[in-house]
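Asks: Contents of work06.txt (compact mmCIF, N, CA and C atoms and all ligand atoms):
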# COMPACT_ATOMS: atom_id res chain seq x y z
N MET C 1 -216.22 -14.26 16.41
CA MET C 1 -216.81 -13.49 15.32
C MET C 1 -217.86 -14.33 14.58
N GLU C 2 -218.92 -13.69 14.15
CA GLU C 2 -219.98 -14.42 13.43
C GLU C 2 -219.47 -15.00 12.12
N LYS C 3 -220.02 -16.15 11.76
CA LYS C 3 -219.62 -16.81 10.52
C LYS C 3 -219.85 -15.92 9.31
N LYS C 4 -220.99 -15.22 9.33
CA LYS C 4 -221.35 -14.39 8.19
C LYS C 4 -220.30 -13.28 7.99
N ARG C 5 -219.88 -12.74 9.11
CA ARG C 5 -218.90 -11.66 9.08
C ARG C 5 -217.53 -12.19 8.63
N LEU C 6 -217.19 -13.35 9.14
CA LEU C 6 -215.93 -13.97 8.73
C LEU C 6 -215.91 -14.19 7.21
N LYS C 7 -217.05 -14.62 6.71
CA LYS C 7 -217.15 -14.88 5.27
C LYS C 7 -216.94 -13.60 4.47
N GLN C 8 -217.49 -12.50 4.99
CA GLN C 8 -217.31 -11.21 4.30
C GLN C 8 -215.83 -10.84 4.25
N PHE C 9 -215.16 -11.02 5.39
CA PHE C 9 -213.73 -10.71 5.41
C PHE C 9 -212.96 -11.63 4.48
N GLN C 10 -213.37 -12.90 4.47
CA GLN C 10 -212.69 -13.85 3.61
C GLN C 10 -212.82 -13.43 2.14
N GLU C 11 -214.02 -12.99 1.78
CA GLU C 11 -214.23 -12.56 0.39
C GLU C 11 -213.39 -11.33 0.06
N ARG C 12 -213.36 -10.40 0.99
CA ARG C 12 -212.56 -9.18 0.75
C ARG C 12 -211.07 -9.52 0.63
N LEU C 13 -210.62 -10.41 1.51
CA LEU C 13 -209.21 -10.77 1.50
C LEU C 13 -208.85 -11.55 0.22
N THR C 14 -209.75 -12.43 -0.19
CA THR C 14 -209.49 -13.20 -1.41
C THR C 14 -209.41 -12.27 -2.62
N ALA C 15 -210.33 -11.30 -2.69
CA ALA C 15 -210.32 -10.34 -3.79
C ALA C 15 -209.03 -9.51 -3.78
N LYS C 16 -208.63 -9.11 -2.59
CA LYS C 16 -207.41 -8.31 -2.44
C LYS C 16 -206.18 -9.13 -2.87
N ARG C 17 -206.16 -10.39 -2.46
CA ARG C 17 -205.04 -11.24 -2.83
C ARG C 17 -204.95 -11.37 -4.35
N HIS C 18 -206.11 -11.53 -4.97
CA HIS C 18 -206.17 -11.65 -6.41
C HIS C 18 -205.62 -10.39 -7.08
N ALA C 19 -206.08 -9.22 -6.61
CA ALA C 19 -205.64 -7.95 -7.19
C ALA C 19 -204.14 -7.75 -7.01
N LEU C 20 -203.64 -8.04 -5.81
CA LEU C 20 -202.22 -7.84 -5.52
C LEU C 20 -201.36 -8.82 -6.32
N ALA C 21 -201.80 -10.04 -6.43
CA ALA C 21 -201.02 -11.03 -7.18
C ALA C 21 -200.87 -10.56 -8.62
N GLY C 22 -201.91 -9.95 -9.19
CA GLY C 22 -201.85 -9.41 -10.55
C GLY C 22 -200.81 -8.31 -10.66
N VAL C 23 -200.75 -7.42 -9.67
CA VAL C 23 -199.80 -6.32 -9.70
C VAL C 23 -198.38 -6.85 -9.60
N VAL C 24 -198.16 -7.79 -8.70
CA VAL C 24 -196.81 -8.33 -8.50
C VAL C 24 -196.33 -9.00 -9.78
N ILE C 25 -197.21 -9.74 -10.43
CA ILE C 25 -196.82 -10.42 -11.66
C ILE C 25 -196.54 -9.43 -12.79
N SER C 26 -197.40 -8.41 -12.92
CA SER C 26 -197.18 -7.48 -14.04
C SER C 26 -195.90 -6.68 -13.84
N THR C 27 -195.51 -6.41 -12.61
CA THR C 27 -194.24 -5.72 -12.37
C THR C 27 -193.08 -6.60 -12.82
N GLU C 28 -193.17 -7.87 -12.53
CA GLU C 28 -192.11 -8.78 -12.96
C GLU C 28 -192.02 -8.84 -14.48
N ASP C 29 -193.15 -8.83 -15.16
CA ASP C 29 -193.17 -8.79 -16.63
C ASP C 29 -192.48 -7.54 -17.13
N TYR C 30 -192.82 -6.41 -16.50
CA TYR C 30 -192.24 -5.14 -16.93
C TYR C 30 -190.73 -5.17 -16.78
N GLU C 31 -190.26 -5.68 -15.67
CA GLU C 31 -188.81 -5.74 -15.44
C GLU C 31 -188.13 -6.60 -16.49
N ARG C 32 -188.75 -7.69 -16.85
CA ARG C 32 -188.18 -8.55 -17.88
C ARG C 32 -188.09 -7.83 -19.21
N GLU C 33 -189.17 -7.16 -19.60
CA GLU C 33 -189.19 -6.45 -20.88
C GLU C 33 -188.19 -5.30 -20.90
N ALA C 34 -188.16 -4.53 -19.83
CA ALA C 34 -187.26 -3.38 -19.78
C ALA C 34 -185.81 -3.85 -19.84
N GLY C 35 -185.53 -4.96 -19.21
CA GLY C 35 -184.18 -5.50 -19.20
C GLY C 35 -183.76 -6.03 -20.56
N ALA C 36 -184.72 -6.48 -21.36
CA ALA C 36 -184.40 -7.10 -22.64
C ALA C 36 -184.15 -6.07 -23.73
N ASP C 37 -184.65 -4.86 -23.56
CA ASP C 37 -184.55 -3.85 -24.61
C ASP C 37 -183.23 -3.08 -24.51
N THR C 38 -182.37 -3.24 -25.52
CA THR C 38 -181.05 -2.59 -25.47
C THR C 38 -180.93 -1.47 -26.49
N SER C 39 -182.01 -1.17 -27.24
CA SER C 39 -181.91 -0.19 -28.33
C SER C 39 -182.48 1.16 -27.94
N GLN C 40 -182.24 1.62 -26.71
CA GLN C 40 -182.86 2.86 -26.27
C GLN C 40 -181.85 3.98 -26.17
N ASP C 41 -182.33 5.21 -26.34
CA ASP C 41 -181.41 6.32 -26.09
C ASP C 41 -181.37 6.62 -24.59
N PRO C 42 -180.33 7.37 -24.17
CA PRO C 42 -180.11 7.56 -22.71
C PRO C 42 -181.31 8.15 -21.97
N ALA C 43 -182.05 9.04 -22.64
CA ALA C 43 -183.20 9.64 -21.97
C ALA C 43 -184.25 8.58 -21.65
N ASP C 44 -184.46 7.68 -22.60
CA ASP C 44 -185.41 6.59 -22.37
C ASP C 44 -184.94 5.69 -21.24
N ILE C 45 -183.64 5.42 -21.27
CA ILE C 45 -183.10 4.54 -20.23
C ILE C 45 -183.30 5.18 -18.86
N ALA C 46 -183.02 6.49 -18.78
CA ALA C 46 -183.20 7.19 -17.50
C ALA C 46 -184.65 7.14 -17.06
N SER C 47 -185.55 7.38 -18.00
CA SER C 47 -186.95 7.40 -17.58
C SER C 47 -187.43 5.99 -17.24
N ASN C 48 -186.89 5.01 -17.92
CA ASN C 48 -187.23 3.64 -17.57
C ASN C 48 -186.69 3.25 -16.20
N ALA C 49 -185.48 3.73 -15.92
CA ALA C 49 -184.90 3.43 -14.61
C ALA C 49 -185.76 4.03 -13.52
N TYR C 50 -186.25 5.24 -13.79
CA TYR C 50 -187.12 5.89 -12.82
C TYR C 50 -188.40 5.09 -12.62
N THR C 51 -189.02 4.72 -13.74
CA THR C 51 -190.26 3.93 -13.67
C THR C 51 -190.02 2.63 -12.95
N LYS C 52 -188.85 2.04 -13.24
CA LYS C 52 -188.53 0.76 -12.63
C LYS C 52 -188.39 0.90 -11.11
N ASP C 53 -187.70 1.96 -10.68
CA ASP C 53 -187.58 2.23 -9.23
C ASP C 53 -188.95 2.37 -8.59
N LEU C 54 -189.78 3.14 -9.28
CA LEU C 54 -191.11 3.41 -8.76
C LEU C 54 -191.90 2.11 -8.66
N LEU C 55 -191.87 1.34 -9.74
CA LEU C 55 -192.58 0.07 -9.74
C LEU C 55 -192.02 -0.85 -8.67
N PHE C 56 -190.69 -0.81 -8.54
CA PHE C 56 -190.07 -1.70 -7.57
C PHE C 56 -190.52 -1.36 -6.15
N SER C 57 -190.50 -0.06 -5.81
CA SER C 57 -190.89 0.28 -4.44
C SER C 57 -192.37 -0.03 -4.22
N GLN C 58 -193.18 0.18 -5.27
CA GLN C 58 -194.58 -0.19 -5.14
C GLN C 58 -194.72 -1.69 -4.95
N SER C 59 -193.92 -2.43 -5.71
CA SER C 59 -194.11 -3.87 -5.65
C SER C 59 -193.60 -4.44 -4.33
N VAL C 60 -192.60 -3.80 -3.72
CA VAL C 60 -192.17 -4.24 -2.39
C VAL C 60 -193.32 -4.08 -1.40
N ASN C 61 -193.95 -2.89 -1.49
CA ASN C 61 -195.11 -2.64 -0.67
C ASN C 61 -196.20 -3.67 -0.89
N GLU C 62 -196.47 -3.92 -2.17
CA GLU C 62 -197.54 -4.84 -2.51
C GLU C 62 -197.23 -6.28 -2.09
N ARG C 63 -195.95 -6.65 -2.24
CA ARG C 63 -195.56 -7.98 -1.79
C ARG C 63 -195.77 -8.13 -0.28
N THR C 64 -195.44 -7.06 0.47
CA THR C 64 -195.62 -7.10 1.92
C THR C 64 -197.10 -7.28 2.26
N ILE C 65 -197.93 -6.49 1.58
CA ILE C 65 -199.37 -6.60 1.86
C ILE C 65 -199.89 -7.97 1.43
N LEU C 66 -199.41 -8.42 0.28
CA LEU C 66 -199.84 -9.75 -0.20
C LEU C 66 -199.54 -10.82 0.86
N LYS C 67 -198.37 -10.72 1.46
CA LYS C 67 -197.99 -11.68 2.49
C LYS C 67 -198.94 -11.58 3.70
N LEU C 68 -199.24 -10.34 4.10
CA LEU C 68 -200.16 -10.13 5.23
C LEU C 68 -201.55 -10.66 4.90
N VAL C 69 -201.98 -10.45 3.65
CA VAL C 69 -203.31 -10.94 3.24
C VAL C 69 -203.33 -12.46 3.30
N GLU C 70 -202.25 -13.09 2.83
CA GLU C 70 -202.21 -14.55 2.86
C GLU C 70 -202.20 -15.08 4.29
N GLU C 71 -201.47 -14.38 5.15
CA GLU C 71 -201.46 -14.78 6.57
C GLU C 71 -202.86 -14.65 7.19
N ALA C 72 -203.54 -13.55 6.82
CA ALA C 72 -204.89 -13.33 7.36
C ALA C 72 -205.83 -14.45 6.92
N LEU C 73 -205.69 -14.87 5.64
CA LEU C 73 -206.54 -15.96 5.14
C LEU C 73 -206.23 -17.26 5.89
N GLN C 74 -204.96 -17.47 6.22
CA GLN C 74 -204.61 -18.66 7.01
C GLN C 74 -205.22 -18.59 8.40
N ARG C 75 -205.20 -17.39 8.99
CA ARG C 75 -205.81 -17.24 10.32
C ARG C 75 -207.31 -17.48 10.25
N LEU C 76 -207.92 -17.03 9.14
CA LEU C 76 -209.35 -17.30 8.94
C LEU C 76 -209.61 -18.80 8.94
N ASP C 77 -208.79 -19.53 8.20
CA ASP C 77 -208.94 -20.99 8.15
C ASP C 77 -208.74 -21.61 9.52
N GLY C 78 -207.79 -21.07 10.27
CA GLY C 78 -207.46 -21.64 11.56
C GLY C 78 -208.36 -21.16 12.70
N GLY C 79 -209.33 -20.31 12.36
CA GLY C 79 -210.25 -19.80 13.37
C GLY C 79 -209.63 -18.77 14.30
N GLU C 80 -208.53 -18.16 13.88
CA GLU C 80 -207.86 -17.18 14.74
C GLU C 80 -207.98 -15.77 14.20
N TYR C 81 -208.84 -15.60 13.23
CA TYR C 81 -208.93 -14.30 12.58
C TYR C 81 -209.48 -13.24 13.53
N GLY C 82 -208.90 -12.04 13.45
CA GLY C 82 -209.41 -10.92 14.23
C GLY C 82 -208.85 -10.85 15.64
N ILE C 83 -207.84 -11.70 15.91
CA ILE C 83 -207.20 -11.70 17.22
C ILE C 83 -205.81 -11.06 17.07
N CYS C 84 -205.49 -10.14 17.95
CA CYS C 84 -204.21 -9.46 17.88
C CYS C 84 -203.06 -10.46 18.10
N ALA C 85 -202.04 -10.39 17.22
CA ALA C 85 -200.92 -11.32 17.30
C ALA C 85 -200.05 -11.04 18.52
N ASN C 86 -200.20 -9.89 19.11
CA ASN C 86 -199.37 -9.55 20.26
C ASN C 86 -200.10 -9.76 21.60
N CYS C 87 -201.21 -9.05 21.79
CA CYS C 87 -201.87 -9.12 23.10
C CYS C 87 -203.01 -10.14 23.13
N GLU C 88 -203.34 -10.71 21.96
CA GLU C 88 -204.38 -11.73 21.85
C GLU C 88 -205.78 -11.25 22.22
N GLU C 89 -205.96 -9.96 22.21
CA GLU C 89 -207.29 -9.37 22.36
C GLU C 89 -207.92 -9.26 20.97
N PRO C 90 -209.26 -9.25 20.90
CA PRO C 90 -209.89 -9.05 19.59
C PRO C 90 -209.48 -7.72 18.97
N ILE C 91 -209.20 -7.74 17.68
CA ILE C 91 -208.88 -6.49 16.98
C ILE C 91 -210.18 -5.72 16.76
N GLN C 92 -210.11 -4.39 16.95
CA GLN C 92 -211.29 -3.55 16.83
C GLN C 92 -211.95 -3.71 15.46
N ASP C 93 -213.29 -3.76 15.46
CA ASP C 93 -214.05 -3.89 14.22
C ASP C 93 -213.69 -2.84 13.18
N LYS C 94 -213.60 -1.60 13.62
CA LYS C 94 -213.31 -0.52 12.69
C LYS C 94 -211.96 -0.72 12.01
N ARG C 95 -211.03 -1.23 12.80
CA ARG C 95 -209.69 -1.46 12.26
C ARG C 95 -209.73 -2.57 11.21
N LEU C 96 -210.46 -3.62 11.49
CA LEU C 96 -210.57 -4.72 10.51
C LEU C 96 -211.31 -4.27 9.25
N GLU C 97 -212.28 -3.39 9.45
CA GLU C 97 -212.99 -2.85 8.27
C GLU C 97 -212.01 -2.10 7.38
N ALA C 98 -211.15 -1.32 8.00
CA ALA C 98 -210.21 -0.50 7.24
C ALA C 98 -209.05 -1.34 6.70
N VAL C 99 -208.56 -2.27 7.51
CA VAL C 99 -207.40 -3.08 7.15
C VAL C 99 -207.70 -4.54 7.49
N PRO C 100 -208.39 -5.25 6.59
CA PRO C 100 -208.82 -6.62 6.94
C PRO C 100 -207.65 -7.58 7.21
N TRP C 101 -206.45 -7.22 6.75
CA TRP C 101 -205.30 -8.11 6.97
C TRP C 101 -204.48 -7.70 8.20
N ALA C 102 -205.03 -6.80 9.03
CA ALA C 102 -204.30 -6.34 10.20
C ALA C 102 -203.93 -7.51 11.13
N ARG C 103 -202.69 -7.50 11.62
CA ARG C 103 -202.26 -8.54 12.56
C ARG C 103 -202.39 -8.07 14.00
N HIS C 104 -202.44 -6.74 14.17
CA HIS C 104 -202.42 -6.19 15.53
C HIS C 104 -203.61 -5.28 15.78
N CYS C 105 -204.01 -5.19 17.03
CA CYS C 105 -205.01 -4.21 17.42
C CYS C 105 -204.39 -2.82 17.35
N ILE C 106 -205.21 -1.80 17.52
CA ILE C 106 -204.72 -0.43 17.35
C ILE C 106 -203.59 -0.13 18.34
N THR C 107 -203.75 -0.56 19.58
CA THR C 107 -202.74 -0.30 20.61
C THR C 107 -201.39 -0.92 20.22
N CYS C 108 -201.43 -2.20 19.82
CA CYS C 108 -200.18 -2.88 19.50
C CYS C 108 -199.58 -2.38 18.18
N GLN C 109 -200.46 -2.00 17.24
CA GLN C 109 -199.98 -1.43 15.98
C GLN C 109 -199.18 -0.16 16.26
N ASP C 110 -199.71 0.63 17.17
CA ASP C 110 -199.04 1.87 17.56
C ASP C 110 -197.67 1.56 18.16
N LEU C 111 -197.61 0.56 19.02
CA LEU C 111 -196.32 0.14 19.60
C LEU C 111 -195.37 -0.31 18.50
N GLN C 112 -195.92 -1.10 17.55
CA GLN C 112 -195.08 -1.62 16.47
C GLN C 112 -194.49 -0.48 15.64
N GLU C 113 -195.34 0.52 15.33
CA GLU C 113 -194.87 1.63 14.51
C GLU C 113 -193.79 2.42 15.22
N ARG C 114 -193.81 2.41 16.51
CA ARG C 114 -192.77 3.11 17.27
C ARG C 114 -191.59 2.20 17.60
N GLY C 115 -191.62 0.99 17.07
CA GLY C 115 -190.52 0.04 17.28
C GLY C 115 -190.49 -0.54 18.68
N LEU C 116 -191.64 -0.55 19.33
CA LEU C 116 -191.67 -1.01 20.73
C LEU C 116 -192.26 -2.40 20.90
N LEU C 117 -192.54 -3.03 19.75
CA LEU C 117 -193.16 -4.35 19.83
C LEU C 117 -192.10 -5.42 19.61
N GLU C 118 -192.05 -6.37 20.51
CA GLU C 118 -190.95 -7.34 20.46
C GLU C 118 -191.09 -8.38 19.34
N ASP C 119 -192.32 -8.85 19.13
CA ASP C 119 -192.45 -9.98 18.21
C ASP C 119 -192.51 -9.58 16.74
N ASP C 120 -192.20 -8.34 16.44
CA ASP C 120 -192.25 -7.89 15.06
C ASP C 120 -191.21 -8.64 14.22
N GLU C 121 -191.66 -9.08 13.04
CA GLU C 121 -190.73 -9.83 12.18
C GLU C 121 -189.97 -8.90 11.27
ZN ZN F 1 -202.88 -6.01 20.69
Give the structure from this file in structure tokens form.
Replies:
Amino acid sequence: MEKKRLKQFQERLTAKRHALAGVVISTEDYEREAGADTSQDPADIASNAYTKDLLFSQSVNERTILKLVEEALQRLDGGEYGICANCEEPIQDKRLEAVPWARHCITCQDLQERGLLEDDE
């Protein structure tokens, strides 16, 4: 891959990492605050529990993506960026444009989603 293009992906990934790290941290702050407040009526507690569940499931998602983004940045450093982790073929340009932290090419991603990929962590 061209250096210029790699740099573009690196910038996008760095920005994404920054944004995700902010979300993960603010969710942790929210959980701390919600846990510390004991003077609420049951309706508030219920709605907070709901918000907390929602935030939690979002933050699980975001943590997963954050991890993938960090791995992609490591691959960029190691000169392995854009190579499928399974078949070692170049990942399609369009796919990287859409998902710069993708570990797999479209074919292998499809296998992974169907649970047919062996090296899935
Ligand atoms: Zn592949």
Asks: When distances are computed from all atoms listed in the file, which of C:Arg12, C:Arg5, C:Ser59, C:Ile91 shows the smallest separation from Thr27 (chain C)?
Replies: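 Nearest to Thr27 (chain C): C:Ser59.
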Asks: Could you list, as a ChimeraX atom specification, every residue within 8 Å of Gln10 (chain C), counting only N, CA and C atoms and ignoring same-chain residues fewer than 4 positions away?
Replies: /C:4-6,14-16,72-73,76
Asks: Which residues are near ligand ZN 1 (chain F) in this structure, taking near to mean any atom at most 6.5 Å from a ligand atom and counting all atoms listed in the file? Format them as a PyMOL selection string.
Replies: chain C and resi 84-89+104-109
Asks: Run DSSP on the backbone and tell me which residues of chain C come out as alpha helix (DSSP H); list them as a ChimeraX atom specification.
Replies: /C:3-36,42-77,93-98,106-113
Asks: Just the residues within 7 Å of region 68-70 of chain C, please, counting only C-alpha atoms, with nothing from its chain fewer than 5 positions along; format it as a ChimeraX atom specification.
Replies: /C:13,17,101
Asks: Could you work out how far CA of Ile83 (chain C) lies from CA of His18 (chain C), giving the answer in Å with one decimal?
Replies: 23.7 Å
Asks: Take CA of Pro42 (chain C) and CA of Val23 (chain C) and report the distance between them in Å, one decimal.
Replies: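 Taking CA of Pro42 (chain C) and CA of Val23 (chain C), their separation equals 27.4 Å.
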Asks: Would you place a box with edges along x, y and z of the file around all atoms of region 43-56 of chain C listed there, add 3 Å to each of its six sides, and report the centre and edge lengths in Å to one decimal, as lines of an AutoDock Vina configuration file?
Replies:
center_x = -187.3
center_y = 4.0
center_z = -14.4
size_x = 16.5
size_y = 17.3
size_z = 22.5
Asks: Kindly indicate which residue among C:Glu2, C:Glu113, C:Glu62, C:Asp53 lies nearest to Ala19 (chain C), using only C-alpha atoms for the distances.
Replies: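 With only C-alpha atoms as the atom set, the closest residue is C:Glu62.
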Asks: Please compute the atom C of Leu66 (chain C)-CA of Leu20 (chain C) distance, one decimal, in Å.
Replies: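 Answer for the atom C of Leu66 (chain C) to CA of Leu20 (chain C) separation: 7.5 Å.
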Asks: Closest to Arg103 (chain C) among C:Gln74, C:Asn48, C:Leu117, C:Gly82, using only N, CA and C atoms?
Replies: C:Gly82
Asks: Could you check the closest approach to Val60 (chain C) for each of C:Asp77, C:Glu11, C:Glu28, C:Asp41 and tell me which residue wins, using only C-alpha atoms?
Replies: C:Glu28
